[in-house]
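Here the structure is laid out as structure tokens; the discussion comes afterwards.
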Amino acid sequence: MTVESETSVLSAQGLCKEYGKGAALVRAVQAVTLEVERGELVAVVGPSGCGKSTLLHLLGGLERPTAGSVRLGGSALERMPEAQQARIRRRDLGFVFQAFHLVDELTALENVELPALLAGASPRGARARASELLAQVGLADRASHLPSALSGGQQQRVAIARALANEPLLVLADEPTGNLDSSATTELLRLFEQLHARGQTVVVVTHDERIAATADRLISMRDGAFVDETKLAGGTARPLSAMAGLEA
């Protein structure tokens with residue numbers, strides 16, 4: 001049994017998720033145990049349908065487990081009422097999805113400041129933080145653009161900036177390069193390297209070997225369970241120059 005350490009940001013114990021009953025029973029996640037240390041970038045890889053996205057939803061409190069527990073910063077998510085879970089998600093978690101999930105009617109700047117406003121930040125403070133983050137992801141000159149006027153790579157960078165708006169304990173990324181071309185993927189890889197270098201804790205599920213190669217730890221998942229774990233490059237992210245030949 002994994003023991004939660006003093007530097008642990010996330011700890012999952014015996015995590016299971018089942019759907020349906022009887023002959024229709026699907027075990028999407030089976031007895032997963034995971035501990036993520038502060039500042040780690042952990043990549044979970046595996047074929048489509050192996051349970052990666054369901055696992056991420058459980059870790060982020062977007063779904064409740066059938067069995068097991070998830071602790072974020074010492075708080076047991078599965079024991080909380082939904083309203084408290086929602087507050088924890090707004091305050092301590094940042095989500096990045098394959099489909100971006102930007103609000104079409106809001107500008108890039110407004111999309112990024114939205115989580116801070118929902119968490120109770122002042123309009124001035126939220127605007128200043130959003131401007132700073134857009135500059136960090138290289139989109140200061142696109143702040144007033146609607147998502148429809150941005151490329152896929154630019155939209156994903158806005159989504160990452162939005163995920164960082166409340167300075168979260170943990171960023172959860174679900175196939176963040178899935179809708180991007182090769183050039184945009186390379187830009188996103190550099191951005192993940194920068195986040196990692198600044199000490200941001202990240203768990204990313206992906207089928208893309210290029211983004212997996214930036215991780216401290218690589219966990220392989222199949223049929224809802226972890227089947228292998230590898231520590232990469234001595235626990236430090238590899239530079240992009242070390243990823244030659246890893247193109248998917």
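Note on naming: chains are A, B, ... as they come in the structure tokens, residues start from 1 per chain, ligands start from 1 in the order shown.
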Point to revise | Contacts of segment 219-221 of chain A at 10 Å (only C-alpha atoms; same-chain gap of 4+ positions) as a PyMOL selection string | key: chain A and resi 29+32+34+42-47+50-52+205+212+215+225-231
Practice item. Please provide as a list in words all residues within 10 Å of segment 115-124 of chain A, with the sequence filter that same-chain residues fewer than 5 positions apart are discarded (counting only C-alpha atoms). Key: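 In the requested format, the answer is Arg87, Ile88, Arg89, Arg90, Arg91, Gly94, Glu110, Arg129, Ala130, Arg162, Ala163, Leu164, Ala165, Asn166 and Glu167 of chain A.
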Please, could you write that set of residues out with C-alpha atoms as a short mmCIF file (atom, residue, chain, number, x, y, z; two decimals), in the first residue's frame?
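Saved as selection_8.cif:
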data_model
loop_
_atom_site.label_atom_id
_atom_site.label_comp_id
_atom_site.auth_asym_id
_atom_site.auth_seq_id
_atom_site.Cartn_x
_atom_site.Cartn_y
_atom_site.Cartn_z
CA ARG A 87 -14.85 24.80 -4.74
CA ILE A 88 -11.76 22.57 -4.53
CA ARG A 89 -11.72 22.14 -8.32
CA ARG A 90 -11.91 25.90 -8.86
CA ARG A 91 -9.22 26.64 -6.28
CA GLY A 94 -6.50 23.26 -13.53
CA GLU A 110 -12.00 36.79 -20.80
CA ARG A 129 -3.41 37.62 -13.89
CA ALA A 130 -5.01 36.71 -17.24
CA ARG A 162 -6.91 29.39 -18.16
CA ALA A 163 -5.91 26.22 -16.26
CA LEU A 164 -3.20 28.23 -14.48
CA ALA A 165 -5.41 31.19 -13.57
CA ASN A 166 -5.81 30.23 -9.90
CA GLU A 167 -2.22 28.98 -9.45
#
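Using only C-alpha atoms, the residues found no farther than 9 Å from segment 66-68 of chain A, other than those of its own chain fewer than 6 positions away, are Ala12, Gln13, Gly14, Leu15, Cys16, Lys17, Glu18, Tyr19, Ala31, Val32, Thr33 and Glu78 of chain A.
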Point to revise | Selected residue of minimal separation from Ala76 of chain A among A:Val137, A:Glu40, A:Ser11, A:Ala128, counting only C-alpha atoms | key: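 Of A:Val137, A:Glu40, A:Ser11, A:Ala128, the one nearest Ala76 of chain A is A:Ser11, counting only C-alpha atoms.
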Exercise for review: Fewer than 6 positions away in the same chain doesn't count, so skip those; otherwise give me all residues within 12 Å of Ser148 of chain A, counting only C-alpha atoms, as JSON, numbers by chain.
Suggested key: {"A": [100, 102, 103, 104, 105, 106, 107, 108, 142, 154, 155]}
Quick one: contact table of segment 82-115 of chain A to segment 180-196 of chain A, 12 Å max, nearest atom pair and distance in Å to one decimal per residue, counting only C-alpha atoms, chain and number order, as a tab-separated table?
residue	atom	partner	partner_atom	distance
A:Val96	CA	A:Phe192	CA	11.6
A:Phe97	CA	A:Leu180	CA	12.0
A:Gln98	CA	A:Leu180	CA	8.9
A:Ala99	CA	A:Leu180	CA	10.0
A:Phe100	CA	A:Leu180	CA	10.8
Review point. Please, what distance in Å, to one decimal, runs between atom CA of Leu10 of chain A and atom CA of Ala159 of chain A?
Key: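 The value is 22.0 Å.
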Exercise for review: Work out how far atom CA of Gly73 of chain A is from atom CA of Thr206 of chain A, in Å to one decimal.
Suggested key: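 If I compute the distance from atom CA of Thr206 of chain A to atom CA of Gly73 of chain A, I get 24.1 Å.
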Exercise for review: Can you work out the spacing between atom CA of Val204 of chain A and atom CA of Ala173 of chain A in Å, to one decimal?
Suggested key: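 So the two atoms, atom CA of Val204 of chain A and atom CA of Ala173 of chain A, lie 4.5 Å apart.
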Practice item. Among the residues of segment 76-116 of chain A, find those DSSP assigns to strand (DSSP E) from the backbone and print them as a VMD selection string. Key: chain A and resid 76 93 to 97
Practice item. Could you give me, as an MDAnalysis selection string, each residue of segment 15-233 of chain A that DSSP assigns to alpha helix (DSSP H) when run on this structure's backbone? Key: chainID A and resid 52:59 82:92 108:118 123:136 152:163 182:197 209:212
